[in-house]
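First up is the structure itself, then whatever we jot down about it.
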Amino acid sequence: MAKRRIHRKRTPVGAAPGTLVVDPASSPTKIDFFRYDSQDLVEKHATSVEALGKAVGGRGVTWINVNGLADIALIEQVGELLGLHRLALEDVVNVHQRPKVEEFDDHLFIVIRMLPNSTASETEQVSMFLGKEYVLTFQEKPGDAFESVRQRLRQHKGSIRSLGADYLAYALLDAAIDGYFPALERRGEDIEHLEDLVVAQPNQNLVSVIHETKRDLLDLRRAVWPQREMLNALMRQEGGFIEDKTRVYLRDCYDHTIQLIDIIETYREICSSLIEIYLSSLSNRMNEIMKVLTIVATIFIPLSFIAGVYGMNFDVKASPWNMPELTWTWGYPFALGLMLSVAAGLLFIFYRRGWIGRSSRSRE
Amino acid sequence: MAKRRIHRKRTPVGAAPGTLVVDPASSPTKIDFFRYDSQDLVEKHATSVEALGKAVGGRGVTWINVNGLADIALIEQVGELLGLHRLALEDVVNVHQRPKVEEFDDHLFIVIRMLPNSTASETEQVSMFLGKEYVLTFQEKPGDAFESVRQRLRQHKGSIRSLGADYLAYALLDAAIDGYFPALERRGEDIEHLEDLVVAQPNQNLVSVIHETKRDLLDLRRAVWPQREMLNALMRQEGGFIEDKTRVYLRDCYDHTIQLIDIIETYREICSSLIEIYLSSLSNRMNEIMKVLTIVATIFIPLSFIAGVYGMNFDVKASPWNMPELTWTWGYPFALGLMLSVAAGLLFIFYRRGWIGRSSRSRE
Amino acid sequence: MAKRRIHRKRTPVGAAPGTLVVDPASSPTKIDFFRYDSQDLVEKHATSVEALGKAVGGRGVTWINVNGLADIALIEQVGELLGLHRLALEDVVNVHQRPKVEEFDDHLFIVIRMLPNSTASETEQVSMFLGKEYVLTFQEKPGDAFESVRQRLRQHKGSIRSLGADYLAYALLDAAIDGYFPALERRGEDIEHLEDLVVAQPNQNLVSVIHETKRDLLDLRRAVWPQREMLNALMRQEGGFIEDKTRVYLRDCYDHTIQLIDIIETYREICSSLIEIYLSSLSNRMNEIMKVLTIVATIFIPLSFIAGVYGMNFDVKASPWNMPELTWTWGYPFALGLMLSVAAGLLFIFYRRGWIGRSSRSRE
Amino acid sequence: MAKRRIHRKRTPVGAAPGTLVVDPASSPTKIDFFRYDSQDLVEKHATSVEALGKAVGGRGVTWINVNGLADIALIEQVGELLGLHRLALEDVVNVHQRPKVEEFDDHLFIVIRMLPNSTASETEQVSMFLGKEYVLTFQEKPGDAFESVRQRLRQHKGSIRSLGADYLAYALLDAAIDGYFPALERRGEDIEHLEDLVVAQPNQNLVSVIHETKRDLLDLRRAVWPQREMLNALMRQEGGFIEDKTRVYLRDCYDHTIQLIDIIETYREICSSLIEIYLSSLSNRMNEIMKVLTIVATIFIPLSFIAGVYGMNFDVKASPWNMPELTWTWGYPFALGLMLSVAAGLLFIFYRRGWIGRSSRSRE
Amino acid sequence: MAKRRIHRKRTPVGAAPGTLVVDPASSPTKIDFFRYDSQDLVEKHATSVEALGKAVGGRGVTWINVNGLADIALIEQVGELLGLHRLALEDVVNVHQRPKVEEFDDHLFIVIRMLPNSTASETEQVSMFLGKEYVLTFQEKPGDAFESVRQRLRQHKGSIRSLGADYLAYALLDAAIDGYFPALERRGEDIEHLEDLVVAQPNQNLVSVIHETKRDLLDLRRAVWPQREMLNALMRQEGGFIEDKTRVYLRDCYDHTIQLIDIIETYREICSSLIEIYLSSLSNRMNEIMKVLTIVATIFIPLSFIAGVYGMNFDVKASPWNMPELTWTWGYPFALGLMLSVAAGLLFIFYRRGWIGRSSRSRE
């Protein structure tokens, strides 16, 4: 409920294209980088763009990770250092981009959306520039899905250290996409719980929760769906940024994205179905309530009428036709007996219609 | 509610193609123009088409902006001056065109729809002719989203003054598309407010508001959706009107349009969901109401029946079987006690079923 | 309601292809023709096919209009005169064809559907044969959307007289398509009226009207949708029947068709939405009705019970415990006071729940 | 209800491909054939496959029609005689194939689904092999839509006798497709009847009928939809089995199929709409019922309360405050008058709310 | 209800690609193989990978079937023996892959999903590697749909022994796809049963069953749908793994998959329709219940009121106006008569409205 859902564009409407304006609430900007080849690995915190400049261009692959988007000047300096297009930089700070890939002369610009952890309710934009020898990533705030990639780099695990920048880019994409799986598992568990609740104890609150879940899945779908097209474009990329060896890995990523979309769509259909179950459950309860009222009222209203008749004050003495029952010896037992048989008759009718047996059965 | 939604075609049905007929309520026609290159800028109000003729064709880029479509003769003169096709001119004055781009021999004809400001409820058609050295725009009425472009021209901000007419056209398209973002933010806020209301205090009025919002989003979608195809066609334009350098900017525009469509579709799905929530909320309230009636009636109807029985007038003296309870010493307390235990029993049954506790809980 | 909706095929099932069988209720066949070039215009009623034969083949363009399909022999003679394929002629008399274009050796066969006037509830098939120098049209019955084209021919208005048969065909197509706009405006007005009614005074009759409107839009969509594809095929026609100059006009027609489809789809979505509003409005009314019943019953049932208690006949003299209230000095005022406080208490509870205030507010 | 809807595969799961297994309930196999050219026609019942072998391969076109699939051995002999692929033969006896066309070296294999008559509720599979000089058809059971083709062959009607096997195949396809039109007309009439009923006398039975109609249309759609693709493939067939002259006839068939799909989709949308109308009609009736209850209860409950008050037994003699009305001269008329005014007041309120007038109006 | 629906990924999120991690609950790994040509057949249980190594590479076709995925080391050895890509092996042990085909240098990697038997509620992944001379399959657990293929191999049935590895792969695919048919028949029977129940005895439990069926169909659709694309890719495979002769068999497989999709979609539509029928049936029952209450209440409330009036205690002696009826000779009969005529009148009104007759009719 507290989620901020509205999609804001940070660049003032109508500003010159390439104007960088950031959300004042952005996290402070920090730059770390890795430089590695199959022998060595340097992991450093960059204190200045100059220091960064020296690192890039050396031997091996460099991964520069810019965390937090508050310091526009710094971001612009990084952009100048690596010759990035201003429109791409504008997309970096406007963190509501759809996943996409754009080709520039000496780098690819890739946007993906990442769930930093499985309880995160909002995706975070990761902007990635893939050059021949470097990968530059921009993240919105600290905390990401890339820790496993860092470990593999540090521990020389798998072939990541011996392959190029394109493989690193793949590894980061893969990590970001893999991060959706535990988040979806969590949603799956929530939905199974909702499925139980909607049958066992339906209440209006559930509808809000289902609606919230649907919105959440809608947001995830918006984040994941274009990733498919992006990966497809990346696999078909002819600019020399992606080596053939890496394409088979990207195909794997692509398969995972389709799996994600499949799961999200399935969950969305189940959520729609849940609303229907809830509505039918409400109608059913209403029927139960009305059955109780109808049975009670239908039985007692005629009885009360009989009692009312014998409560009339016609003067017994004025005429032999005036309520002779009142003075009968068995008058009262007769009246009670009449009531009893009316009640028994009505109960029998209700039983025959299945209202009484059925009502109690469906209650259990 | 007061919105005029019906889509009228101004040209009389069956008129010869190219016949220009305007809405009598059109705004009066005024012509302004900018002529600029990287050194100079002239901004003028055109008093006649002749004056305009002199301006165009000089050095640099000319932007002619025709505001208001009342003066057909003037529009026709402008059309003749720049050699515009009559069918295009007919589209200019029939202001219900879909966004599109059409190629003519010496200019492109582009139609977009613009939201002049974020509270506007209707889009306005902007017809744009892009020649090699000029941009000609027609607007329905004063007030537009282009003020920021004018400022950038006047203040020599960004690279707009040093680039060609195609970049100016891009800047105008971009400004028009950007204008949808604040409008959608506003809709987003409205929808979040509706989400709160539909749970907190559902009433029939909300349905009209949701319906109105859906219609509004339908209108926006109709305005935005074809813009995507239009920008795609523009990016692939081979006629020499668009320089390669500008294509990357148009791709940016295209991305924004897809973002707009994404947001609109999301909002539309949420609105559909809201109706469902409202309906379930109505059913829920009905259940509450019926529960109250059923509980009250079910408790008091048997009690009233007991009271009715002891209000019968059987003659106690005529027979010992006739209502001996009436003359018992503890008769009245016995009757009251009987009623009390019936009521307590029923209350217990309702409590067991969760109607009493649950009813009050779900009320909070 | 009285509309005949069922789609009948006139040719007996299994007849040899090209068998012409007409509805016995067809209008009688009349043939008119125009022959014109930029200097002269002849407008005549053709008395025989021979007369027609002389007319065609002369200088200029000939437009033959066959009105009414009752006279099969005549239609066959016309077909032979111009060398029309029998399958095309079969489509001419089976007036439930979808709009389409088919290329034959020396003519194009075009089917469109026309709304003769804005109040017409059913579309009429117009079958058009476009040769190099003639246009032949078949209509189901008198009354069409082509009067404006005739006027332009007679009055030498626009460029119609100086252009070829393809332009005439375009002019006829354009007139037929334009004829849908006023019809849709009328539907738009009806729908706006329905929108008001469904909120102000919902009743079951409205549902039938909305359903009828939806069916009507369904019929229009079926008539208009294939026109888009047909025009697209016509624009791409390579057979030499369409000159390049005319293509730009056909593109305009195509745009209009897309606009029509847009409007129809919007109206259809609004109609679906109206049903939802109506249903929610019904539910809301039910809530109101039940609230009234519940309030009245809940207040008076306990009061009646109190009255019933003091109407019991326990013998006051038999015991001091038997209803001593009956002989109290203030017994009756006490009972009335008790009733009053119960009623006041219940009213207060209903007020607190917002049932009383809210119910009256939402009633206004 | 008695329809068998489940889709069974006859070949045992996992059998070698090309295994022929038939439903034991299949009709007995009978073989008829026509051999004709423009001069002669032979129509015979084939007693053995050898006799058949002599017939085929002679001058002219041969149409072999195998009716009933019980005799596997015979079907296999026919298959060997004409060199048919075993997979195709498997499809022949597994009569739940979708319409399709498959090209083999010396014949085309075409599957269509036919409605033998307009009241048939299930489609029947017709498997057709089109060679250069023969057409071989397999039908599930006696009774088909091909009688008209036989008549045209016998009576030398149209050009069927002078054209090749491809034209005969077209004629059979056309007859099968045409057979859907009367069946759909019948459904159309049923739906119009349902439309009337759902407004006039909605009852739960209607829902089953509408559901049944929807299922029926679903089945028809499954039978017709792939026919479109099949005809498209047939028209584009390059294997020399279809002559150019016949393609224009297939285009006609294709148009009819699209018309069928159009009609089916329209009917399906109407059926969906009918359910909505029925539901709204139910809600409306509920409102009516509740209005009656509410009016009656709301009027009489207060009246009964007044009667109850004056039925209390407070001792008039014990105190002057105790129900002095009872001994007033005009006490009884006063009480009746009080009741009358309460009733009149309530009636007036209901009238003002439009419940009374409206209720009776909407009832008519 | 006990089904585990959540989609887990076994490889830890962020692990290096190609890391094999298996579910600890996996079945133990067993390897069997067949080696055959048209003369000989060897069927063996492989005790070691070395033994396997000797078998493969010999004359004829080898089918290695690995059953159970618990022994990672063994799977890796098999992978090394045949030179399989680690990404493919990762997919083998992550058993939630979608059906797909991927081409590697010397084998195709095919994933399909199989229903081991018709009562299975979850599909099982089968990973298949198709080399020039071998087929390697991995299954999740014992029990599969391939027994019939084994029989055909052993019994030299059909042409399977004389054809290559591609035909064996086809035979396995075909067996897996055929396995869906009996499972869908079972679902079809369940749905027909639900159709009967939803009309005959609708209760809330049915909704859960329908929902469960819909989820089940959703799962099946997710398993079957991508098989279509996979088979299409396989048929168009250009790598030399599939011989032309086998393509016609794959086309047959492809047709079966489309039939499966058709059936699943039909069933899904019917399930959606069933919910609607259930909801309308609930509404209808509610109407019935309310009708009973309304009829009973409406008849007895006025009668009770009359009895109440004559139960008032106005003092007959105090005034001649005070309830003179009480002392009339025919007072009591008059009162009873009055009640009787009111009841008769109301019954007549209800009958006229069709509530009584209709209510009882629709009850049967």
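Numbering starts fresh at 1 for the residues of each chain in the structure tokens, the chains themselves are lettered A, B, ... in the order given, and ligands are numbered from 1 as they appear.
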
For chain A, list the residues within 12 Å of chain C, counting only C-alpha atoms, and write the list as a PyMOL selection string. chain A and resi 290+304+307-308+310-313

Exercise: Asp244 in chain A partners within 12 Å, only C-alpha atoms, chain neighbours under 6 positions left out, as a PDB file with C-alpha atoms, in the first residue's frame:
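Result file follows (around.pdb):
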ATOM      1  CA  GLY A 164      36.183 -11.196 -22.476  1.00  0.00           C
ATOM      2  CA  ASP A 166      31.038  -9.747 -23.376  1.00  0.00           C
ATOM      3  CA  TYR A 167      31.067 -12.780 -21.105  1.00  0.00           C
ATOM      4  CA  LEU A 234      21.745  -8.921 -28.235  1.00  0.00           C
ATOM      5  CA  MET A 235      22.062 -12.459 -29.611  1.00  0.00           C
ATOM      6  CA  ARG A 236      21.667 -11.139 -33.139  1.00  0.00           C
ATOM      7  CA  GLN A 237      24.059  -8.219 -32.501  1.00  0.00           C
ATOM      8  CA  GLU A 238      26.449  -7.875 -35.428  1.00  0.00           C
ATOM      9  CA  LEU A 250      22.826 -15.550 -24.115  1.00  0.00           C
ATOM     10  CA  ARG A 251      20.459 -18.105 -25.593  1.00  0.00           C
TER      11      ARG A 251
END

Which of these residues is nearest to Leu218 in chain C, using only C-alpha atoms: C:Ile160, C:Leu206, C:Leu115, C:Cys271?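 Smallest separation from Leu218 in chain C among the options: C:Cys271.
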
Residue contacts of Glu229 in chain B (10 Å, only C-alpha atoms) excluding same-chain residues fewer than 3 positions away, as JSON, numbers by chain: {"B": [99, 100, 101, 224, 225, 226, 232, 233, 234, 235, 254, 257]}

Could those selected residues go to a file with C-alpha atoms, as a compact mmCIF listing (two decimals), in the first residue's frame?
# COMPACT_ATOMS: atom_id res chain seq x y z
CA PRO B 99 -0.82 10.21 -35.79
CA LYS B 100 0.86 9.23 -39.06
CA VAL B 101 3.62 10.17 -41.44
CA VAL B 224 -0.46 7.56 -28.37
CA TRP B 225 -0.57 4.09 -29.92
CA PRO B 226 -0.27 5.14 -33.59
CA ASN B 232 9.04 3.82 -36.51
CA ALA B 233 8.20 4.91 -40.05
CA LEU B 234 10.01 8.20 -39.49
CA MET B 235 13.16 6.43 -38.27
CA TYR B 254 10.19 5.96 -29.85
CA THR B 257 6.23 6.36 -26.71

All strand (DSSP E or B) positions in range 126-317 of chain E, as a PyMOL selection string: chain E and resi 126-130+134-139

Write a file of the selected residues as an mmCIF file, in the first residue's frame, keeping C-alpha atoms.
data_model
loop_
_atom_site.group_PDB
_atom_site.id
_atom_site.type_symbol
_atom_site.label_atom_id
_atom_site.label_comp_id
_atom_site.auth_asym_id
_atom_site.auth_seq_id
_atom_site.Cartn_x
_atom_site.Cartn_y
_atom_site.Cartn_z
ATOM 1 C CA VAL E 126 12.884 -35.624 -20.869
ATOM 2 C CA SER E 127 16.199 -34.253 -22.168
ATOM 3 C CA MET E 128 17.338 -35.810 -25.402
ATOM 4 C CA PHE E 129 20.658 -35.567 -27.222
ATOM 5 C CA LEU E 130 20.501 -36.670 -30.840
ATOM 6 C CA TYR E 134 23.088 -42.269 -30.928
ATOM 7 C CA VAL E 135 20.146 -40.952 -28.913
ATOM 8 C CA LEU E 136 20.781 -40.118 -25.292
ATOM 9 C CA THR E 137 17.771 -39.495 -23.054
ATOM 10 C CA PHE E 138 17.632 -38.291 -19.455
ATOM 11 C CA GLN E 139 14.501 -38.853 -17.402
#

Figure out the distance between CA of Asp37 in chain B and CA of Val61 in chain B, please, to one decimal in Å.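 These atoms are spaced 6.3 Å apart.
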
Which neighbours of Ala120 in chain A fall inside 12 Å, counting only C-alpha atoms, when residues of the same chain fewer than 6 positions from it are skipped, and could you give them as a PyMOL selection string? chain A and resi 3+114+143-145+179-180+182-184+186-187+216+220

Those selected residues, please, written with C-alpha atoms and delivered as a compact mmCIF listing (two decimals), in the first residue's frame.
# COMPACT_ATOMS: atom_id res chain seq x y z
CA LYS A 3 4.45 1.60 -2.57
CA MET A 114 16.88 -6.11 -11.50
CA GLY A 143 22.51 -3.73 -2.89
CA ASP A 144 22.41 -5.78 -6.06
CA ALA A 145 22.19 -9.28 -7.51
CA GLY A 179 17.35 -12.91 -9.26
CA TYR A 180 13.71 -13.01 -10.40
CA PRO A 182 13.38 -16.64 -5.89
CA ALA A 183 11.15 -13.56 -6.01
CA LEU A 184 8.64 -15.45 -8.14
CA ARG A 186 7.88 -16.23 -3.04
CA ARG A 187 4.94 -14.89 -5.07
CA ASP A 216 2.88 -6.52 -8.51
CA LEU A 220 7.19 -7.61 -12.95

Using only C-alpha atoms, determine which residues lie at most 9 Å from range 274-284 of chain D, disregarding the query and same-chain residues fewer than 5 positions distant; provide the list as a VMD selection string. (chain C and resid 203 to 204 207 to 208 211 275 278 to 279 282 to 283 286) or (chain D and resid 194 to 195 198 to 199 202 to 204 206 to 207 210 to 211 269 289) or (chain E and resid 276 to 277 279 to 280 283 to 284 287)

List every residue of range 22-109 of chain C that DSSP, applied to the backbone, labels as alpha helix (DSSP H), and write the result as number ranges by chain. C: 49-55, 72-82, 86-93

Between CA of Val49 in chain C and CA of Leu74 in chain C - distance in Å to one decimal: 7.5 Å

Leu346 in chain C: which residues within 10 Å, counting only C-alpha atoms, same-chain residues fewer than 4 positions away excluded, as a count of residues only? 11
